[in-house]
Structures are given as C-alpha cells and as structure tokens.
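> Sharing query-v7.pdb, PDB, C-alpha atoms and all ligand atoms:
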ATOM      1  CA  MET A   1    -108.296-250.856 187.348
ATOM      2  CA  ARG A   2    -107.398-250.485 183.676
ATOM      3  CA  LEU A   3    -110.795-248.988 182.942
ATOM      4  CA  THR A   4    -110.267-246.388 185.687
ATOM      5  CA  ASP A   5    -106.796-245.546 184.329
ATOM      6  CA  ASP A   6    -108.171-245.120 180.810
ATOM      7  CA  ARG A   7    -110.995-242.944 182.034
ATOM      8  CA  TYR A   8    -108.601-240.800 184.028
ATOM      9  CA  ALA A   9    -106.331-240.379 180.978
ATOM     10  CA  THR A  10    -109.325-239.420 178.810
ATOM     11  CA  GLU A  11    -110.611-236.837 181.301
ATOM     12  CA  ARG A  12    -107.154-235.391 181.748
ATOM     13  CA  SER A  13    -106.738-234.999 178.013
ATOM     14  CA  GLN A  14    -110.167-233.312 177.765
ATOM     15  CA  PHE A  15    -109.285-230.841 180.527
ATOM     16  CA  GLU A  16    -105.840-230.111 179.103
ATOM     17  CA  LEU A  17    -107.395-229.346 175.736
ATOM     18  CA  ALA A  18    -110.113-227.152 177.275
ATOM     19  CA  LEU A  19    -107.466-225.094 179.127
ATOM     20  CA  ARG A  20    -105.329-224.857 175.986
ATOM     21  CA  MET A  21    -108.329-223.635 173.963
ATOM     22  CA  ILE A  22    -109.493-221.171 176.650
ATOM     23  CA  GLY A  23    -105.935-219.780 176.541
ATOM     24  CA  HIS A  24    -106.482-219.123 172.812
ATOM     25  CA  GLU A  25    -109.822-217.412 173.582
ATOM     26  CA  ALA A  26    -111.843-220.125 171.835
ATOM     27  CA  ARG A  27    -115.598-219.916 172.240
ATOM     28  CA  THR A  28    -117.401-222.246 174.651
ATOM     29  CA  ARG A  29    -119.188-223.930 171.772
ATOM     30  CA  THR A  30    -115.905-224.646 169.943
ATOM     31  CA  ILE A  31    -114.370-226.070 173.148
ATOM     32  CA  ARG A  32    -117.459-228.226 173.717
ATOM     33  CA  GLU A  33    -117.321-229.627 170.163
ATOM     34  CA  CYS A  34    -113.706-230.769 170.596
ATOM     35  CA  THR A  35    -113.620-231.837 174.244
ATOM     36  CA  GLY A  36    -117.143-233.199 174.704
ATOM     37  CA  LEU A  37    -117.251-231.366 178.058
ATOM     38  CA  SER A  38    -120.509-229.666 179.058
ATOM     39  CA  ASP A  39    -120.848-225.859 178.944
ATOM     40  CA  ASP A  40    -121.093-225.921 182.727
ATOM     41  CA  ARG A  41    -117.749-227.710 183.174
ATOM     42  CA  ILE A  42    -116.077-225.390 180.669
ATOM     43  CA  ARG A  43    -117.421-222.368 182.567
ATOM     44  CA  LYS A  44    -116.087-223.808 185.842
ATOM     45  CA  LEU A  45    -112.650-224.397 184.299
ATOM     46  CA  TYR A  46    -112.580-220.827 183.035
ATOM     47  CA  THR A  47    -113.612-219.467 186.437
ATOM     48  CA  THR A  48    -111.054-221.606 188.286
ATOM     49  CA  TYR A  49    -108.039-220.960 186.075
ATOM     50  CA  PHE A  50    -108.548-217.731 184.148
ATOM     51  CA  ARG A  51    -110.959-215.407 185.884
ATOM     52  CA  HIS A  52    -108.369-213.603 187.986
ATOM     53  CA  THR A  53    -105.715-213.184 185.309
ATOM     54  CA  GLY A  54    -106.321-209.404 185.155
ATOM     55  CA  SER A  55    -107.313-207.091 182.327
ATOM     56  CA  GLY A  56    -104.462-208.284 180.084
ATOM     57  CA  GLY A  57    -105.503-211.907 180.551
ATOM     58  CA  VAL A  58    -107.794-214.193 178.678
ATOM     59  CA  ARG A  59    -111.106-212.836 177.460
ATOM     60  CA  ARG A  60    -114.165-215.029 177.436
ATOM     61  CA  ARG A  61    -115.726-215.439 174.006
ATOM     62  CA  ARG A  62    -119.430-216.018 173.722
ATOM     63  CA  GLY A  63    -121.890-216.522 170.906
ATOM     64  CA  LYS A  64    -121.361-217.778 167.395
ATOM     65  CA  SER A  65    -118.040-218.056 165.662
ATOM     66  CA  PRO A  66    -117.413-215.434 162.938
ATOM     67  CA  ARG A  67    -118.321-216.771 159.474
ATOM     68  CA  GLN A  68    -117.353-214.513 156.621
ATOM     69  CA  VAL A  69    -114.776-215.941 154.231
ATOM     70  CA  MET A  70    -113.810-212.390 153.169
ATOM     71  CA  ARG A  71    -111.596-212.216 156.249
ATOM     72  CA  PHE A  72    -109.227-214.735 154.622
ATOM     73  CA  VAL A  73    -108.939-213.000 151.246
ATOM     74  CA  LYS A  74    -109.543-209.302 151.940
ATOM     75  CA  ASN A  75    -105.881-208.399 151.301
ATOM     76  CA  PRO A  76    -102.672-210.267 150.320
ATOM     77  CA  GLU A  77    -101.377-210.343 153.925
ATOM     78  CA  ASN A  78    -104.497-212.070 155.277
ATOM     79  CA  GLN A  79    -104.539-214.386 152.274
ATOM     80  CA  LEU A  80    -100.907-215.330 152.886
ATOM     81  CA  GLN A  81    -101.578-215.990 156.585
ATOM     82  CA  ALA A  82    -104.656-218.117 155.756
ATOM     83  CA  THR A  83    -102.525-220.094 153.286
ATOM     84  CA  VAL A  84     -99.850-220.661 155.975
ATOM     85  CA  LEU A  85    -102.559-221.952 158.336
ATOM     86  CA  VAL A  86    -103.922-224.357 155.717
ATOM     87  CA  THR A  87    -100.369-225.633 155.126
ATOM     88  CA  LEU A  88    -100.005-226.201 158.895
ATOM     89  CA  PHE A  89    -103.381-228.002 158.981
ATOM     90  CA  CYS A  90    -102.091-230.296 156.217
ATOM     91  CA  SER A  91     -98.791-231.002 157.980
ATOM     92  CA  GLY A  92    -100.749-231.750 161.191
ATOM     93  CA  ARG A  93    -102.846-234.224 159.162
ATOM     94  CA  LEU A  94    -106.059-232.334 159.829
ATOM     95  CA  LEU A  95    -106.548-231.765 156.099
ATOM     96  CA  ARG A  96    -105.304-233.465 152.968
ATOM     97  CA  VAL A  97    -104.960-232.148 149.444
ATOM     98  CA  ASP A  98    -105.867-234.563 146.641
ATOM     99  CA  SER A  99    -104.057-234.758 143.304
ATOM    100  CA  ASP A 100    -106.654-232.372 141.781
ATOM    101  CA  ASN A 101    -105.977-229.859 144.638
ATOM    102  CA  LYS A 102    -109.261-230.541 146.363
ATOM    103  CA  VAL A 103    -108.998-230.079 150.125
ATOM    104  CA  SER A 104    -110.649-232.756 152.264
ATOM    105  CA  PRO A 105    -110.933-233.254 156.018
ATOM    106  CA  CYS A 106    -108.923-236.094 157.622
ATOM    107  CA  TRP A 107    -111.212-236.135 160.666
ATOM    108  CA  PRO A 108    -114.893-237.141 160.422
ATOM    109  CA  ARG A 109    -115.774-234.804 163.311
ATOM    110  CA  PRO A 110    -113.865-232.755 165.919
ATOM    111  CA  ASP A 111    -112.575-234.643 168.970
ATOM    112  CA  VAL A 112    -109.818-234.229 171.567
ATOM    113  CA  GLU A 113    -106.997-235.239 169.210
ATOM    114  CA  PHE A 114    -108.375-232.937 166.512
ATOM    115  CA  GLY A 115    -108.453-230.080 169.056
ATOM    116  CA  HIS A 116    -104.857-230.642 170.181
ATOM    117  CA  ARG A 117    -103.660-230.764 166.551
ATOM    118  CA  LEU A 118    -105.588-227.573 165.773
ATOM    119  CA  CYS A 119    -103.997-225.853 168.802
ATOM    120  CA  ARG A 120    -100.527-226.999 167.681
ATOM    121  CA  ALA A 121    -101.086-225.643 164.153
ATOM    122  CA  PHE A 122    -102.395-222.333 165.540
ATOM    123  CA  GLU A 123     -99.491-222.014 168.006
ATOM    124  CA  THR A 124     -96.997-222.564 165.162
ATOM    125  CA  TYR A 125     -98.840-219.928 163.100
ATOM    126  CA  LEU A 126     -98.456-217.454 166.010
ATOM    127  CA  LEU A 127     -94.709-218.179 166.136
ATOM    128  CA  ILE A 128     -94.311-217.537 162.399
ATOM    129  CA  HIS A 129     -96.163-214.205 162.202
ATOM    130  CA  ASP A 130     -95.200-211.066 164.123
ATOM    131  CA  ALA A 131     -98.629-209.545 163.486
ATOM    132  CA  PRO A 132    -101.122-212.423 163.277
ATOM    133  CA  GLU A 133    -104.381-211.333 161.617
ATOM    134  CA  LEU A 134    -106.370-214.477 162.419
ATOM    135  CA  SER A 135    -107.598-215.492 165.856
ATOM    136  CA  PHE A 136    -108.149-219.090 166.971
ATOM    137  CA  GLU A 137    -111.836-218.824 166.036
ATOM    138  CA  TRP A 138    -110.871-217.640 162.554
ATOM    139  CA  ALA A 139    -108.550-220.653 162.274
ATOM    140  CA  TRP A 140    -111.496-222.857 163.301
ATOM    141  CA  ASN A 141    -113.645-221.234 160.590
ATOM    142  CA  LEU A 142    -110.916-221.548 158.006
ATOM    143  CA  ILE A 143    -110.555-225.294 158.432
ATOM    144  CA  HIS A 144    -114.332-225.762 158.167
ATOM    145  CA  ASN A 145    -114.789-223.393 155.234
ATOM    146  CA  ILE A 146    -112.075-224.954 153.124
ATOM    147  CA  ALA A 147    -112.765-228.581 154.040
ATOM    148  CA  TYR A 148    -116.540-228.817 154.318
ATOM    149  CA  ASN A 149    -118.252-225.728 152.893
ATOM    150  CA  ASP A 150    -116.458-225.278 149.553
ATOM    151  CA  GLU A 151    -116.453-221.500 150.041
ATOM    152  CA  LEU A 152    -112.666-221.453 149.712
ATOM    153  CA  TYR A 153    -110.319-223.471 147.527
ATOM    154  CA  LEU A 154    -106.642-223.743 146.647
ATOM    155  CA  ALA A 155    -105.758-221.724 143.548
ATOM    156  CA  ALA A 156    -102.404-221.958 141.723
ATOM    157  CA  CYS A 157    -100.179-218.945 141.017
ATOM    158  CA  ALA A 158     -99.358-218.409 137.308
ATOM    159  CA  SER A 159     -95.897-216.967 138.066
ATOM    160  CA  CYS A 160     -94.491-219.094 140.916
ATOM    161  CA  SER A 161     -96.846-222.137 140.865
ATOM    162  CA  ALA A 162     -97.502-221.840 144.621
ATOM    163  CA  TYR A 163    -100.963-222.725 145.890
ATOM    164  CA  TYR A 164    -102.953-220.205 147.875
ATOM    165  CA  VAL A 165    -106.329-219.867 149.603
ATOM    166  CA  GLN A 166    -108.889-218.214 147.331
ATOM    167  CA  ASP A 167    -112.573-217.238 147.609
ATOM    168  CA  ALA A 168    -114.612-219.659 145.462
ATOM    169  CA  TYR A 169    -117.015-216.858 144.472
ATOM    170  CA  ALA A 170    -114.396-214.260 143.496
ATOM    171  CA  LEU A 171    -112.526-213.705 140.237
ATOM    172  CA  ASP A 172    -109.065-215.227 140.483
ATOM    173  CA  ASP A 173    -106.202-213.318 138.836
ATOM    174  CA  LYS A 174    -103.866-216.305 139.341
ATOM    175  CA  ARG A 175    -101.430-214.355 141.454
ATOM    176  CA  CYS A 176    -100.534-215.719 144.890
ATOM    177  CA  PRO A 177    -100.393-213.332 147.886
ATOM    178  CA  ALA A 178     -96.570-213.602 148.110
ATOM    179  CA  CYS A 179     -96.167-212.503 144.456
ATOM    180  CA  GLU A 180     -98.783-209.763 144.998
ATOM    181  CA  ILE A 181     -96.990-208.414 148.100
ATOM    182  CA  GLU A 182     -93.686-208.462 146.212
ATOM    183  CA  SER A 183     -95.131-206.628 143.208
ATOM    184  CA  GLN A 184     -96.763-204.020 145.478
ATOM    185  CA  SER A 185     -93.487-203.342 147.280
ATOM    186  CA  ARG A 186     -91.621-203.111 143.929
ATOM    187  CA  TYR A 187     -94.253-200.633 142.716
ATOM    188  CA  ARG A 188     -93.888-198.574 145.897
ATOM    189  CA  ALA A 189     -90.083-198.589 145.584
ATOM    190  CA  ALA A 190     -90.329-197.424 141.939
ATOM    191  CA  ALA A 191     -92.786-194.677 142.942
ATOM    192  CA  GLY A 192     -90.383-193.606 145.684
ATOM    193  CA  THR A 193     -92.930-193.932 148.478
TER     194      THR A 193
HETATM  195 ZN    ZN B 201     -96.796-216.561 143.185
END
What does this structure look like when you write it as structure tokens?
Ligand SMILES: [Zn+2]


Amino acid sequence: MRLTDDRYATERSQFELALRMIGHEARTRTIRECTGLSDDRIRKLYTTYFRHTGSGGVRRRRGKSPRQVMRFVKNPENQLQATVLVTLFCSGRLLRVDSDNKVSPCWPRPDVEFGHRLCRAFETYLLIHDAPELSFEWAWNLIHNIAYNDELYLAACASCSAYYVQDAYALDDKRCPACEIESQSRYRAAAGT
C-alpha cells in the first residue's frame, strides 16, 4: 500500500511539474530532463491541457534550447535581469557561491525538485520585472552556463561592490549593470534628452 502511495505521489509531482513547465513554454527536452517523463507523455499532457487555449495561450517549443551567452550581457538591462535570476537561483539553493565567488551547482543533475525550484525562481523573476527579457529557456541556459560551462562568472563592481553576471570571454570594465544604467540616465539628463 505504501509503495503505491509513494508511486502515486511521485507521478503526481512529475505531472504537476510538467504542466508548470509547459505553462512557461519550456521545451519538451527540458521538461523530459526534469520530470523523467517520456516525450510521448509530455505531448499528451500538452494536447490535453493546453491545445485549446487559443492564440494567446501557450506556444509549444521544439528543438534545441538557445545557447548564446551574449543574450545575458548584451546590454545593462539584460545583464541586470540575468544577475537577478542568478541571485534567485542561489536563494532557491540551486546554485551556491563559494568564498572566491565561484558559482557551483547544488544539484548533480536535474530532477523534479530541481524543476520546481527553477520554476519558483523564474516565477519570482517575472513578478519583479515589468518587461522580462529572459524566457524560461533562457533561465535554463543561464543556470547551466554559469554553473557548468564556465562561460559566465560573477564579477565585482569597483564602485558599489555588487556582484554581477559577466561574459568570461569579454573585457570587464568593473562596472555593474545597476551603476551603468544609473550613469547612462545621469548622462541623458545632463544632455537634456
Ligand atoms: Zn555597481
């Protein structure tokens, strides 16, 4: 009896996560990695719950997840939003930052709990930003790029000491996106534009 209960609870958690991730327009492959459900079951869930939501509803994402790290650093606004997401990943215990500012994963590989924590972090990010620049798939890429691929790192701002997400292959001028946005708006105010 206990075994059946446990199995039911596990399946329910898998399905809840799959629906939550479909709602965020996650790709099938990303959903499969977290839930362990087959592509076929994910497709059936999508068809059952989301297919008839109309043109303003959930779009189905196929293919590979976008990869370029430039998306996270292409301007101060995106860089600030990526930094907020990394902070939320840390507070959700998906990532940890060592004393030398190195970012490491707290999870050996994605699973259902990882997926729910990622959804929670992403949902908080959506609440914070009026114009979110990063989709769920970009959030998925961000966590992998900064934790496993070493393409991004946490740099420190020379003026306010805040840490921010930076491209490991770019020159760093030691100015965080918040200070950069502030200096740009001061410059615009002085120029009268
Ligand atoms: Zn700063």

> Kindly indicate which residue among A:Thr83, A:Gln166, A:Ser161, A:Gln14 lies nearest to ligand ZN 201 (chain B), using all atoms listed in the file for the distances.

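Once distances to ligand ZN 201 (chain B) are computed over all atoms listed in the file, the minimum belongs to A:Ser161.
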
> May I have the residues within 9 Å of range 4-13 of chain A as a list in words, using all atoms listed in the file and disregarding those fewer than 6 positions away in the same chain?

Thr35, Val112 and Glu113 of chain A

> Can you tell me which residues come within 6 Å of ligand ZN 201 (chain B) when counting all atoms listed in the file, ideally as a list in words?

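Residues lying within 6 Å of ligand ZN 201 (chain B): Cys157, Ser159, Cys160, Ala162, Arg175, Cys176, Ala178 and Cys179 of chain A.
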
> Find the spatial neighbours of Phe15 in chain A, counting all atoms listed in the file, within a cut-off of 12 Å - ignore same-chain residues fewer than 4 positions away - and output them as a list in words.

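In the requested form, the answer reads Tyr8, Ala9, Thr10, Glu11, Leu19, Arg20, Met21, Ile22, Ile31, Arg32, Cys34, Thr35, Gly36, Leu37, Ser38, Arg41, Ile42, Arg43, Lys44, Leu45, Tyr46, Tyr49, Val112, Gly115 and His116 of chain A.
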
> Can you work out the spacing between CA of Val73 in chain A and CA of Pro177 in chain A in Å, to one decimal?

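Computing it gives 9.2 Å between the two atoms.
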
> Take range 72-86 of chain A, bring it up to N, CA, C and O atoms, and give me the output as a tab-separated table (two decimals), keeping the file's coordinate frame.


chain	number	residue	atom	x	y	z
A	72	PHE	N	-110.42	-213.99	155.05
A	72	PHE	CA	-109.23	-214.74	154.62
A	72	PHE	C	-108.63	-214.23	153.31
A	72	PHE	O	-107.52	-214.59	152.96
A	73	VAL	N	-109.41	-213.41	152.59
A	73	VAL	CA	-108.94	-213.00	151.25
A	73	VAL	C	-109.00	-211.49	151.05
A	73	VAL	O	-108.81	-211.00	149.94
A	74	LYS	N	-109.28	-210.73	152.13
A	74	LYS	CA	-109.54	-209.30	151.94
A	74	LYS	C	-108.30	-208.52	151.51
A	74	LYS	O	-108.41	-207.47	150.91
A	75	ASN	N	-107.11	-209.01	151.80
A	75	ASN	CA	-105.88	-208.40	151.30
A	75	ASN	C	-104.80	-209.49	151.23
A	75	ASN	O	-104.96	-210.57	151.79
A	76	PRO	N	-103.69	-209.22	150.51
A	76	PRO	CA	-102.67	-210.27	150.32
A	76	PRO	C	-102.08	-210.78	151.64
A	76	PRO	O	-101.77	-211.96	151.74
A	77	GLU	N	-101.95	-209.92	152.64
A	77	GLU	CA	-101.38	-210.34	153.93
A	77	GLU	C	-102.27	-211.39	154.59
A	77	GLU	O	-101.80	-212.44	155.04
A	78	ASN	N	-103.57	-211.10	154.68
A	78	ASN	CA	-104.50	-212.07	155.28
A	78	ASN	C	-104.54	-213.37	154.48
A	78	ASN	O	-104.60	-214.46	155.05
A	79	GLN	N	-104.49	-213.22	153.15
A	79	GLN	CA	-104.54	-214.39	152.27
A	79	GLN	C	-103.30	-215.26	152.47
A	79	GLN	O	-103.39	-216.49	152.51
A	80	LEU	N	-102.15	-214.60	152.65
A	80	LEU	CA	-100.91	-215.33	152.89
A	80	LEU	C	-100.98	-216.06	154.23
A	80	LEU	O	-100.60	-217.24	154.34
A	81	GLN	N	-101.49	-215.37	155.26
A	81	GLN	CA	-101.58	-215.99	156.58
A	81	GLN	C	-102.57	-217.16	156.59
A	81	GLN	O	-102.33	-218.19	157.23
A	82	ALA	N	-103.68	-217.01	155.86
A	82	ALA	CA	-104.66	-218.12	155.76
A	82	ALA	C	-104.02	-219.31	155.05
A	82	ALA	O	-104.22	-220.47	155.43
A	83	THR	N	-103.20	-219.03	154.03
A	83	THR	CA	-102.52	-220.09	153.29
A	83	THR	C	-101.52	-220.82	154.19
A	83	THR	O	-101.42	-222.05	154.16
A	84	VAL	N	-100.79	-220.05	155.02
A	84	VAL	CA	-99.85	-220.66	155.98
A	84	VAL	C	-100.62	-221.59	156.93
A	84	VAL	O	-100.19	-222.72	157.19
A	85	LEU	N	-101.77	-221.12	157.42
A	85	LEU	CA	-102.56	-221.95	158.34
A	85	LEU	C	-103.01	-223.24	157.66
A	85	LEU	O	-102.93	-224.32	158.26
A	86	VAL	N	-103.47	-223.15	156.43
A	86	VAL	CA	-103.92	-224.36	155.72
A	86	VAL	C	-102.75	-225.33	155.53
A	86	VAL	O	-102.90	-226.54	155.70
